[in-house]
Amino acid sequence: MIRYIVKNNLKLMLRNKWVIAVMILGPILIISIISSAFGELMKSYEGVDEFKVGYRVEEDVQQGYMEQMKQAGKEAGIIFEKYPEGEIKALIENNELAGFVEMGAKSYTVYESEDYVVEGITLEYFMNQVMKEGENQALQQIVPAIQKEEIDLPVIQLTYMPAIDSNNYYGIVYIVYFIWCGIVGATNILASEKKNGIGRKYQVSGLSDISLYLGKWIPLVLAVLVETAITMIATILIFDIQWGNPLLSALIIVLSIMASTSFGFMIYNLCDNLAVTIILLFTSVWFMGFLGGSFETYMFSSTSDMLKNVSPIYHINRALVEYSCMGESTYTNSCILYMLGITVVCSVIALIADGIRKRGRA
């Protein structure tokens, strides 16, 4: 019986050609626009030559701290020069400084030159890493910790990631983004259930709630998987997208489709309204994408790590992008566990909500 339901629901989804077209062509169109628009911007972060930065310190700042910071800066291509007196703007202009740092006992201020935009961003990243290491480690460990991160190009490489171009970045993250909107593919199924009371008819047949749920879940997973595969092949041919580690990338894509499908059905079973489901889903996915790097690349995002890690899309994007430019990722395990957890938890909640609603109608 479940095979019949899966087959019938697949036929219903195939009738909605507009949704199929959007799921396949939508990512391709957005990737072409976004990657072109931000291509030059991402290229501008690929590196800077050695540059000079001025600094001054308060009396209560330890000299040893500054010496270690200067040494770490030298390793990163930043030459710190001390200027105890003088107006900062004039010092920057008269000495061709890329920036200036005022160091206090518990805080610091970075001034940037309008003529050295990329260098200014590099300096900001460097100081942020120095302060992080200063908070989390003993003072004498700051230099080796920063050297270990290999911040030759601090803005784009972040600790371990080489440069990635806009085609590869956006060619990956927007495929992920559309995967999480996959519930729209089930609109025909859900609308038909509502209109014809199919759920109640299947109840008479003695099918369990799990079988009925899988009868919708399986065809949607298969449909989104096929649509995504077509989109991925097309983007590889058109934009030369590099997936880095095909097997692990494919595994994460499949798990993402399973998780997003469960998430979508959970929302639907909780609110029991297709229009509300679409609104809530798109709103949720937008926020997950905002935190996860769908709009602002997560490499340059100022969002805190704690917030970013809440978003499942962040784990997926980070793992897949790192596969693309490195062939491996430290986010593989967290990504897989996150997707499996979402799949199981959301499916359980969906089944419970559906069961409660059916008992209420009885």
# chains A, B, ... in the order shown; residues from 1 in each chain; ligands from 1
call {"tool": "residues_around", "arguments": {"residues": "Leu25 (chain A)", "least_positions_apart": "6", "cutoff": "10 Å", "atoms": "only C-alpha atoms", "output": "PyMOL selection string"}}
result
chain A and resi 19+31+227+230-231+234
call {"tool": "residues_around", "arguments": {"residues": "region 278-282 of chain A", "least_positions_apart": "5", "cutoff": "8 Å", "atoms": "only C-alpha atoms", "output": "number ranges by chain"}}
result
A: 181, 183-184, 264, 267
call {"tool": "residues_around", "arguments": {"residues": "Phe287 (chain A)", "least_positions_apart": "2", "cutoff": "12 Å", "atoms": "only C-alpha atoms", "output": "list in words"}}
result
Tyr177, Trp180, Leu280, Leu281, Phe282, Thr283, Ser284, Val285, Gly289, Phe290, Leu291, Gly292, Gly293, Ser294, Phe295, Glu296, Leu307, Lys308, Val310, Ser311, Pro312, Ile313 and Tyr314 of chain A
call {"tool": "select_by_dssp", "arguments": {"residues": "region 171-244 of chain A", "states": "helix (DSSP H, G or I)", "output": "JSON, numbers by chain"}}
result
{"A": [171, 172, 173, 174, 175, 176, 177, 178, 179, 182, 183, 184, 185, 186, 187, 188, 189, 190, 191, 192, 193, 194, 195, 196, 198, 199, 200, 201, 202, 203, 204, 209, 210, 211, 212, 213, 214, 215, 216, 217, 218, 219, 220, 221, 222, 223, 224, 225, 226, 227, 228, 229, 230, 231, 232, 233, 234, 235, 236, 237, 238, 239]}
call {"tool": "residues_around", "arguments": {"residues": "Glu328 (chain A)", "least_positions_apart": "4", "cutoff": "9 Å", "atoms": "only C-alpha atoms", "output": "list in words"}}
result
Gly244, Asn245, Leu248, Ala319, Leu320, Glu322, Tyr323, Ser324 and Thr332 of chain A
call {"tool": "closest_residue", "arguments": {"among": "A:Phe38, A:Tyr55, A:Trp286, A:Tyr111", "to": "Glu85 (chain A)", "atoms": "only C-alpha atoms"}}
result
A:Tyr55
